[in-house]
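File shown: protein-v9.txt (compact mmCIF, C-alpha atoms).
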```txt
# COMPACT_ATOMS: atom_id res chain seq x y z
CA SER A 1 131.59 80.11 123.30
CA SER A 2 130.72 79.82 126.98
CA LEU A 3 129.52 83.44 126.89
CA ARG A 4 126.98 82.85 124.15
CA PRO A 5 124.40 81.02 126.26
CA HIS A 6 124.69 83.69 128.95
CA ARG A 7 124.32 86.44 126.36
CA SER A 8 121.30 84.66 124.94
CA ARG A 9 119.72 84.45 128.37
CA VAL A 10 120.34 88.17 128.99
CA GLN A 11 118.95 89.05 125.58
CA GLY A 12 115.95 86.85 126.28
CA ARG A 13 115.30 88.62 129.57
CA LEU A 14 115.72 92.00 127.90
CA GLY A 15 113.37 90.95 125.15
CA ARG A 16 110.81 89.79 127.65
CA GLY A 17 111.20 93.06 129.58
CA ALA A 18 110.64 95.10 126.43
CA ALA A 19 107.66 92.96 125.55
CA GLY A 20 106.31 93.50 129.06
CA ARG A 21 106.68 97.24 128.75
CA GLU A 22 104.89 97.15 125.40
CA THR A 23 102.09 95.11 126.99
CA LEU A 24 101.76 97.59 129.84
CA ALA A 25 101.74 100.52 127.44
CA ALA A 26 99.16 98.83 125.26
CA GLY A 27 97.06 98.11 128.33
CA ALA A 28 97.23 101.74 129.39
CA ARG A 29 96.27 102.90 125.91
CA GLY A 30 93.36 100.48 125.90
CA ALA A 31 92.20 101.67 129.33
CA SER A 32 92.44 105.28 128.17
CA GLN A 33 90.39 104.54 125.06
CA ARG A 34 87.75 102.68 127.07
CA ALA A 35 87.52 105.52 129.59
CA SER A 36 87.20 108.06 126.78
CA ALA A 37 84.42 105.99 125.23
CA ARG A 38 82.60 105.84 128.59
CA MET A 39 82.85 109.59 128.98
CA ARG A 40 81.68 110.23 125.42
CA LEU A 41 78.66 107.97 125.86
CA ALA A 42 77.85 109.59 129.20
CA ALA A 43 77.94 113.07 127.72
CA MET A 44 75.81 112.00 124.75
CA ALA A 45 73.29 110.42 127.11
CA LEU A 46 72.89 113.79 128.79
CA GLY A 47 72.59 115.56 125.45
CA SER A 48 75.66 117.73 126.01
CA LEU A 49 78.87 117.05 124.14
CA ALA A 50 80.13 120.28 125.71
CA ALA A 51 80.75 118.21 128.84
CA LEU A 52 83.51 116.20 127.15
CA PRO A 53 86.45 118.63 127.51
CA ARG A 54 85.94 119.01 131.26
CA MET A 55 85.42 115.30 131.76
CA ALA A 56 88.47 114.46 129.71
CA ALA A 57 90.51 116.85 131.85
CA ALA A 58 89.64 114.71 134.85
CA ALA A 59 91.48 111.74 133.33
CA GLN A 60 95.12 111.79 134.38
CA LEU A 61 97.72 109.39 132.98
CA ARG A 62 100.24 108.65 135.66
CA THR A 63 103.24 106.33 135.76
CA GLY A 64 103.70 104.42 138.98
CA SER A 65 105.97 101.66 140.21
CA GLY A 66 103.72 99.09 138.69
CA GLY A 67 103.91 100.60 135.20
CA PRO A 68 101.68 103.11 133.45
CA THR A 69 98.18 103.19 134.89
CA LEU A 70 95.18 105.30 134.05
CA ARG A 71 93.65 107.03 137.00
CA LEU A 72 90.35 108.84 136.71
CA ALA A 73 89.95 111.67 139.18
CA ARG A 74 86.42 111.27 140.57
CA VAL A 75 85.36 109.70 137.27
CA SER A 76 85.66 105.94 137.59
CA SER A 77 82.52 104.61 135.96
CA ALA A 78 79.82 105.49 133.48
CA ALA A 79 77.54 106.46 136.36
CA SER A 80 80.02 108.96 137.79
CA CYS A 81 80.67 110.24 134.27
CA LEU A 82 76.98 111.08 134.09
CA LEU A 83 77.23 112.99 137.36
CA ALA A 84 80.28 114.90 136.12
CA ALA A 85 78.54 115.81 132.89
CA SER A 86 75.39 116.97 134.66
CA ALA A 87 77.48 119.47 136.63
CA VAL A 88 78.23 121.43 133.48
CA MET A 89 74.79 121.25 131.90
CA GLY A 90 74.05 124.80 133.04
CA THR A 91 75.97 126.11 130.03
CA ALA A 92 73.23 124.81 127.74
CA GLU A 93 70.82 127.61 128.66
CA ALA A 94 72.65 130.05 126.38
CA SER A 95 72.18 127.70 123.42
CA LEU A 96 68.36 127.78 123.59
CA ARG A 97 66.30 129.94 121.26
CA ILE A 98 62.85 130.91 122.54
CA ARG A 99 60.31 132.06 119.99
CA GLN A 100 56.58 132.51 119.56
CA ALA A 101 54.76 129.29 118.76
CA MET A 102 53.03 128.80 115.43
CA ALA A 103 50.17 126.58 114.35
CA SER A 104 52.68 124.23 112.72
CA ASP A 105 54.27 123.67 116.17
CA VAL A 106 51.11 122.38 117.82
CA SER A 107 51.64 118.70 117.03
CA GLU A 108 55.13 118.77 118.58
CA MET A 109 53.94 120.76 121.60
CA LYS A 110 51.16 118.22 122.10
CA ARG A 111 53.64 115.36 121.79
CA ILE A 112 55.96 116.86 124.44
CA ASN A 113 53.01 117.50 126.73
CA GLU A 114 51.81 113.90 126.51
CA LEU A 115 55.33 112.56 126.99
CA VAL A 116 56.11 114.66 130.06
CA LEU A 117 52.88 115.59 131.84
CA PRO A 118 49.77 113.71 132.99
CA GLU A 119 47.55 116.73 132.20
CA ASN A 120 46.90 116.59 128.46
CA TYR A 121 44.92 118.77 126.07
CA PRO A 122 43.28 118.32 122.66
CA GLN A 123 44.78 120.03 119.64
CA ALA A 124 41.93 122.57 119.57
CA PHE A 125 43.00 123.80 123.03
CA TYR A 126 46.46 124.78 121.73
CA LEU A 127 45.01 126.44 118.64
CA GLN A 128 42.52 128.40 120.76
CA HIS A 129 45.32 129.91 122.85
CA LEU A 130 47.42 130.63 119.76
CA ASN A 131 44.45 132.54 118.38
CA GLU A 132 43.53 134.49 121.54
CA TRP A 133 46.98 135.18 123.07
CA PRO A 134 49.48 134.46 120.26
CA SER A 135 52.47 136.22 121.85
CA LEU A 136 52.19 134.18 125.08
CA GLN A 137 52.50 130.75 123.47
CA LEU A 138 56.22 129.97 123.36
CA VAL A 139 58.51 127.17 122.23
CA ALA A 140 62.20 126.59 123.01
CA CYS A 141 64.44 125.26 120.24
CA GLY A 142 67.95 123.85 120.43
CA GLU A 143 70.84 125.81 118.96
CA GLY A 144 71.25 125.36 115.22
CA SER A 145 68.06 123.34 114.99
CA GLU A 146 64.36 123.94 114.61
CA GLY A 147 63.63 120.99 116.87
CA ILE A 148 61.39 121.96 119.79
CA VAL A 149 62.63 120.89 123.22
CA GLY A 150 60.01 122.66 125.35
CA TYR A 151 56.91 124.85 125.29
CA CYS A 152 54.72 127.13 127.39
CA LEU A 153 50.96 127.72 127.21
CA ALA A 154 49.75 130.88 128.93
CA LYS A 155 46.88 133.37 128.95
CA MET A 156 45.58 136.56 130.54
CA GLU A 157 42.78 135.84 132.99
CA ASP A 158 41.84 139.50 133.31
CA ALA A 159 43.35 142.92 132.63
CA ILE A 160 46.17 142.53 135.16
CA SER A 161 46.45 138.78 135.86
CA GLY A 162 48.43 136.36 133.73
CA HIS A 163 48.28 132.60 134.17
CA ILE A 164 50.71 129.84 133.18
CA ILE A 165 48.60 126.93 131.96
CA SER A 166 51.27 124.41 131.06
CA ILE A 167 55.04 124.29 130.69
CA ALA A 168 57.07 121.22 129.75
CA VAL A 169 60.64 120.41 128.67
CA LEU A 170 61.89 117.15 127.20
CA PRO A 171 63.67 115.00 129.83
CA GLU A 172 67.03 115.12 128.03
CA HIS A 173 66.99 118.93 128.11
CA ARG A 174 66.15 119.38 131.78
CA ASN A 175 68.52 120.81 134.39
CA CYS A 176 69.96 123.27 131.87
CA GLY A 177 67.77 126.30 132.59
CA ALA A 178 65.28 125.76 129.76
CA ALA A 179 62.13 125.95 131.90
CA THR A 180 63.46 128.95 133.82
CA ALA A 181 64.29 130.80 130.59
CA ILE A 182 60.84 130.11 129.12
CA MET A 183 59.11 131.26 132.31
CA ARG A 184 61.07 134.50 132.46
CA GLU A 185 60.34 135.23 128.83
CA VAL A 186 56.58 134.71 129.11
CA THR A 187 56.50 136.74 132.33
CA GLU A 188 58.12 139.71 130.57
CA LEU A 189 55.68 139.39 127.68
CA MET A 190 52.74 139.49 130.10
CA ARG A 191 54.14 142.49 131.94
CA ARG A 192 55.24 144.59 128.97
CA GLY A 193 52.70 143.45 126.40
CA TYR A 194 49.59 143.18 128.56
CA GLY A 195 50.40 145.27 131.65
CA ALA A 196 50.15 142.27 133.98
CA ALA A 197 50.65 143.01 137.68
CA ARG A 198 50.79 139.36 138.70
CA VAL A 199 51.17 135.86 137.29
CA THR A 200 49.69 132.68 138.76
CA LEU A 201 50.12 128.97 138.18
CA ASN A 202 49.12 125.66 139.74
CA VAL A 203 51.49 122.82 140.52
CA ARG A 204 51.15 119.39 142.09
CA VAL A 205 52.10 119.34 145.76
CA SER A 206 54.37 116.36 145.03
CA ASN A 207 56.31 118.12 142.26
CA GLU A 208 59.22 119.28 144.41
CA ALA A 209 61.55 119.98 141.49
CA ALA A 210 59.09 122.38 139.85
CA LEU A 211 58.29 124.01 143.20
CA HIS A 212 61.99 124.70 143.73
CA VAL A 213 62.25 126.44 140.35
CA TYR A 214 59.09 128.49 140.86
CA THR A 215 59.76 129.61 144.43
CA SER A 216 63.55 129.72 144.74
CA LYS A 217 64.54 130.82 141.25
CA LEU A 218 61.54 132.77 139.98
CA GLY A 219 60.12 134.27 143.16
CA TYR A 220 56.64 132.73 143.25
CA ARG A 221 54.94 132.45 146.62
CA LYS A 222 52.36 129.95 147.85
CA GLU A 223 48.89 131.46 147.96
CA ALA A 224 46.46 128.57 148.39
CA ILE A 225 45.90 124.83 148.18
CA TYR A 226 43.27 123.48 145.80
CA ALA A 227 42.08 120.16 147.22
CA SER A 228 41.76 117.24 144.77
CA TYR A 229 42.52 119.59 141.88
CA TYR A 230 43.99 116.95 139.59
CA ALA A 231 42.25 113.98 137.98
CA ASN A 232 43.98 111.49 140.28
CA GLY A 233 42.81 113.40 143.38
CA GLU A 234 46.13 115.10 144.15
CA ASP A 235 46.07 118.61 145.60
CA ALA A 236 47.48 121.61 143.77
CA LEU A 237 49.47 124.50 145.16
CA HIS A 238 48.33 127.84 143.76
CA LEU A 239 51.38 130.08 143.33
CA LEU A 240 51.52 133.81 142.69
CA LEU A 241 54.26 136.08 141.37
CA PRO A 242 53.68 139.82 141.92
CA LEU A 243 55.11 141.97 139.13
CA GLU A 244 56.47 145.48 139.09
CA PRO A 245 54.51 147.56 136.57
CA ALA A 246 56.15 147.78 133.16
CA GLN A 247 56.24 151.59 133.31
CA ALA A 248 58.13 151.49 136.61
CA VAL A 249 60.56 148.94 135.20
CA GLN A 250 61.30 151.18 132.23
CA SER A 251 61.79 154.20 134.49
CA SER A 252 64.18 152.39 136.83
CA THR A 253 66.13 151.07 133.85
CA SER A 254 66.53 154.52 132.34
CA SER A 255 67.65 155.96 135.68
CA GLY A 256 70.40 153.35 135.93
CA ARG A 257 68.93 151.25 138.73
CA GLY A 258 68.12 148.32 136.46
CA ALA A 259 65.03 146.21 135.95
CA ARG A 260 64.08 143.62 138.50
CA ASP A 261 62.74 140.18 137.55
```
Turn the structure described in the file into structure tokens.
Amino acid sequence: SSLRPHRSRVQGRLGRGAAGRETLAAGARGASQRASARMRLAAMALGSLAALPRMAAAAQLRTGSGGPTLRLARVSSAASCLLAASAVMGTAEASLRIRQAMASDVSEMKRINELVLPENYPQAFYLQHLNEWPSLQLVACGEGSEGIVGYCLAKMEDAISGHIISIAVLPEHRNCGAATAIMREVTELMRRGYGAARVTLNVRVSNEAALHVYTSKLGYRKEAIYASYYANGEDALHLLLPLEPAQAVQSSTSSGRGARD
């Protein structure tokens, strides 16, 4: 009988130890679920659920001396989750579908323009360009959806000079190559469809992000500064992209040297 109290105490300690392990395990599971929820929300905020697998791979469940703990490798908060997701947004470019704009798209193009840019145009302006240069007015749509995420308005200024009037992409679809893809498409249409030898555009001197895309990615060069070009008095940089003639591009492609953008 003297062993019973001792056995009870041992069993009590064992029971408490088991309960402690269950509590630690439950805590780890809860932490894992909360981290997964943070990552899912971060990826959704960036508009790319494709980021989830890579972000989830960063979460490592490790067992240490203090019991199971969840350690996030370089992903410890919702803010850093957003940074991790943005690193893989480049894969979204392949999911875009660029097509010629139609009259039924004008209201959405106008809405995106007014949401993103300070330079706005009346509906008649869009319809005029659709009528005069229909193949140069483009919209970008998300994969599996007719929803428009960006647009481009362009025209031919003369027989060999194309001009980009306006290009805009919704904020949640930026940094995924949408603007670059639209610009390359309209440039090819100008060159092959109209025989353009150059393309020009104007951009605010303060718009460093757009300048980086135009000069570093697309090859535009700075040609001039237009003082007080915009309504608020800001200067504009006039950029120019020289183009290889379409006939030369076709010849180099057929000879195996490849076209050059």
Using all atoms listed in the file, determine which residues lie at most 9 Å from Tyr151 of chain A, disregarding the query and same-chain residues fewer than 3 positions distant; provide the list as a short mmCIF file (atom, residue, chain, number, x, y, z; two decimals) with C-alpha atoms, keeping the file's coordinate frame.
```cif
data_model
loop_
_atom_site.label_atom_id
_atom_site.label_comp_id
_atom_site.auth_asym_id
_atom_site.auth_seq_id
_atom_site.Cartn_x
_atom_site.Cartn_y
_atom_site.Cartn_z
CA ILE A 98 62.85 130.91 122.54
CA ALA A 101 54.76 129.29 118.76
CA MET A 109 53.94 120.76 121.60
CA ILE A 112 55.96 116.86 124.44
CA ASN A 113 53.01 117.50 126.73
CA GLN A 137 52.50 130.75 123.47
CA LEU A 138 56.22 129.97 123.36
CA VAL A 139 58.51 127.17 122.23
CA ALA A 140 62.20 126.59 123.01
CA ILE A 148 61.39 121.96 119.79
CA SER A 166 51.27 124.41 131.06
CA ILE A 167 55.04 124.29 130.69
CA ALA A 168 57.07 121.22 129.75
CA VAL A 169 60.64 120.41 128.67
CA ALA A 179 62.13 125.95 131.90
CA ILE A 182 60.84 130.11 129.12
#
```
Atom CA of Glu143 of chain A sits from atom CA of Val203 of chain A at a separation of 29.1 Å
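Considering the residues A:Leu96, A:Val213, A:Ile165, A:Ala159 and counting only C-alpha atoms, Gly147 of chain A has its shortest atom-to-atom contact with A:Leu96.
Counting from atom CA of Ser135 of chain A, the distance to atom CA of Leu241 of chain A is 19.6 Å.
Close contacts of Gly193 of chain A, defined as residues with an atom at most 12 Å away when counting all atoms listed in the file, with chain neighbours fewer than 5 positions off set aside, comprise Trp133, Pro134, Ser135, Leu136, Lys155, Met156, Ala159, Ile160, Gly162, Glu185, Val186, Thr187, Glu188, Pro245, Ala246 and Gln247 of chain A.
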Writing out the chosen residues with C-alpha atoms as a tab-separated table (two decimals), in the frame of the given file:
```tsv
chain	number	residue	atom	x	y	z
A	133	TRP	CA	46.98	135.18	123.07
A	134	PRO	CA	49.48	134.46	120.26
A	135	SER	CA	52.47	136.22	121.85
A	136	LEU	CA	52.19	134.18	125.08
A	155	LYS	CA	46.88	133.37	128.95
A	156	MET	CA	45.58	136.56	130.54
A	159	ALA	CA	43.35	142.92	132.63
A	160	ILE	CA	46.17	142.53	135.16
A	162	GLY	CA	48.43	136.36	133.73
A	185	GLU	CA	60.34	135.23	128.83
A	186	VAL	CA	56.58	134.71	129.11
A	187	THR	CA	56.50	136.74	132.33
A	188	GLU	CA	58.12	139.71	130.57
A	245	PRO	CA	54.51	147.56	136.57
A	246	ALA	CA	56.15	147.78	133.16
A	247	GLN	CA	56.24	151.59	133.31
```
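If only C-alpha atoms are the atoms counted, then among A:Asp235, A:Glu108, A:Glu244, A:Glu223 the closest residue to Ala197 of chain A is A:Glu244.
Here atom CA of Leu239 of chain A is placed at a distance of 6.1 Å from atom CA of Asn202 of chain A.
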Tell me which residues come within 12 Å of (57.8, 130.7, 143.1), as a PDB file with C-alpha atoms, in the frame of the given file, counting all atoms listed in the file in the file's coordinates.
```pdb
ATOM      1  CA  THR A 180      63.460 128.950 133.820  1.00  0.00           C
ATOM      2  CA  MET A 183      59.110 131.260 132.310  1.00  0.00           C
ATOM      3  CA  ARG A 184      61.070 134.500 132.460  1.00  0.00           C
ATOM      4  CA  ARG A 198      50.790 139.360 138.700  1.00  0.00           C
ATOM      5  CA  VAL A 199      51.170 135.860 137.290  1.00  0.00           C
ATOM      6  CA  THR A 200      49.690 132.680 138.760  1.00  0.00           C
ATOM      7  CA  LEU A 201      50.120 128.970 138.180  1.00  0.00           C
ATOM      8  CA  ASN A 202      49.120 125.660 139.740  1.00  0.00           C
ATOM      9  CA  VAL A 203      51.490 122.820 140.520  1.00  0.00           C
ATOM     10  CA  GLU A 208      59.220 119.280 144.410  1.00  0.00           C
ATOM     11  CA  ALA A 209      61.550 119.980 141.490  1.00  0.00           C
ATOM     12  CA  ALA A 210      59.090 122.380 139.850  1.00  0.00           C
ATOM     13  CA  LEU A 211      58.290 124.010 143.200  1.00  0.00           C
ATOM     14  CA  HIS A 212      61.990 124.700 143.730  1.00  0.00           C
ATOM     15  CA  VAL A 213      62.250 126.440 140.350  1.00  0.00           C
ATOM     16  CA  TYR A 214      59.090 128.490 140.860  1.00  0.00           C
ATOM     17  CA  THR A 215      59.760 129.610 144.430  1.00  0.00           C
ATOM     18  CA  SER A 216      63.550 129.720 144.740  1.00  0.00           C
ATOM     19  CA  LYS A 217      64.540 130.820 141.250  1.00  0.00           C
ATOM     20  CA  LEU A 218      61.540 132.770 139.980  1.00  0.00           C
ATOM     21  CA  GLY A 219      60.120 134.270 143.160  1.00  0.00           C
ATOM     22  CA  TYR A 220      56.640 132.730 143.250  1.00  0.00           C
ATOM     23  CA  ARG A 221      54.940 132.450 146.620  1.00  0.00           C
ATOM     24  CA  LYS A 222      52.360 129.950 147.850  1.00  0.00           C
ATOM     25  CA  GLU A 223      48.890 131.460 147.960  1.00  0.00           C
ATOM     26  CA  LEU A 237      49.470 124.500 145.160  1.00  0.00           C
ATOM     27  CA  HIS A 238      48.330 127.840 143.760  1.00  0.00           C
ATOM     28  CA  LEU A 239      51.380 130.080 143.330  1.00  0.00           C
ATOM     29  CA  LEU A 240      51.520 133.810 142.690  1.00  0.00           C
ATOM     30  CA  LEU A 241      54.260 136.080 141.370  1.00  0.00           C
ATOM     31  CA  PRO A 242      53.680 139.820 141.920  1.00  0.00           C
TER      32      PRO A 242
END
```
Distance query Tyr126 of chain A at most 9 Å, only C-alpha atoms, self and fewer than 5 positions along chain excluded, as an mmCIF file with C-alpha atoms, in the frame of the given file:
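Done, and the output landed in around_6.cif:
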```
data_model
loop_
_atom_site.group_PDB
_atom_site.id
_atom_site.type_symbol
_atom_site.label_atom_id
_atom_site.label_comp_id
_atom_site.auth_asym_id
_atom_site.auth_seq_id
_atom_site.Cartn_x
_atom_site.Cartn_y
_atom_site.Cartn_z
ATOM 1 C CA ALA A 103 50.170 126.580 114.350
ATOM 2 C CA VAL A 106 51.110 122.380 117.820
ATOM 3 C CA MET A 109 53.940 120.760 121.600
ATOM 4 C CA LYS A 110 51.160 118.220 122.100
ATOM 5 C CA TYR A 121 44.920 118.770 126.070
ATOM 6 C CA ASN A 131 44.450 132.540 118.380
ATOM 7 C CA GLN A 137 52.500 130.750 123.470
ATOM 8 C CA LEU A 153 50.960 127.720 127.210
#
```
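The closest residue to Ala154 of chain A, picked from A:Glu234, A:Pro122, A:Gln100, A:Gly142 and counting all atoms listed in the file, is A:Gln100.
In this comparison, which uses all atoms listed in the file, the residue of A:Val116, A:Leu243, A:Val205, A:Ile164 approaching Tyr226 of chain A most closely is A:Val205.
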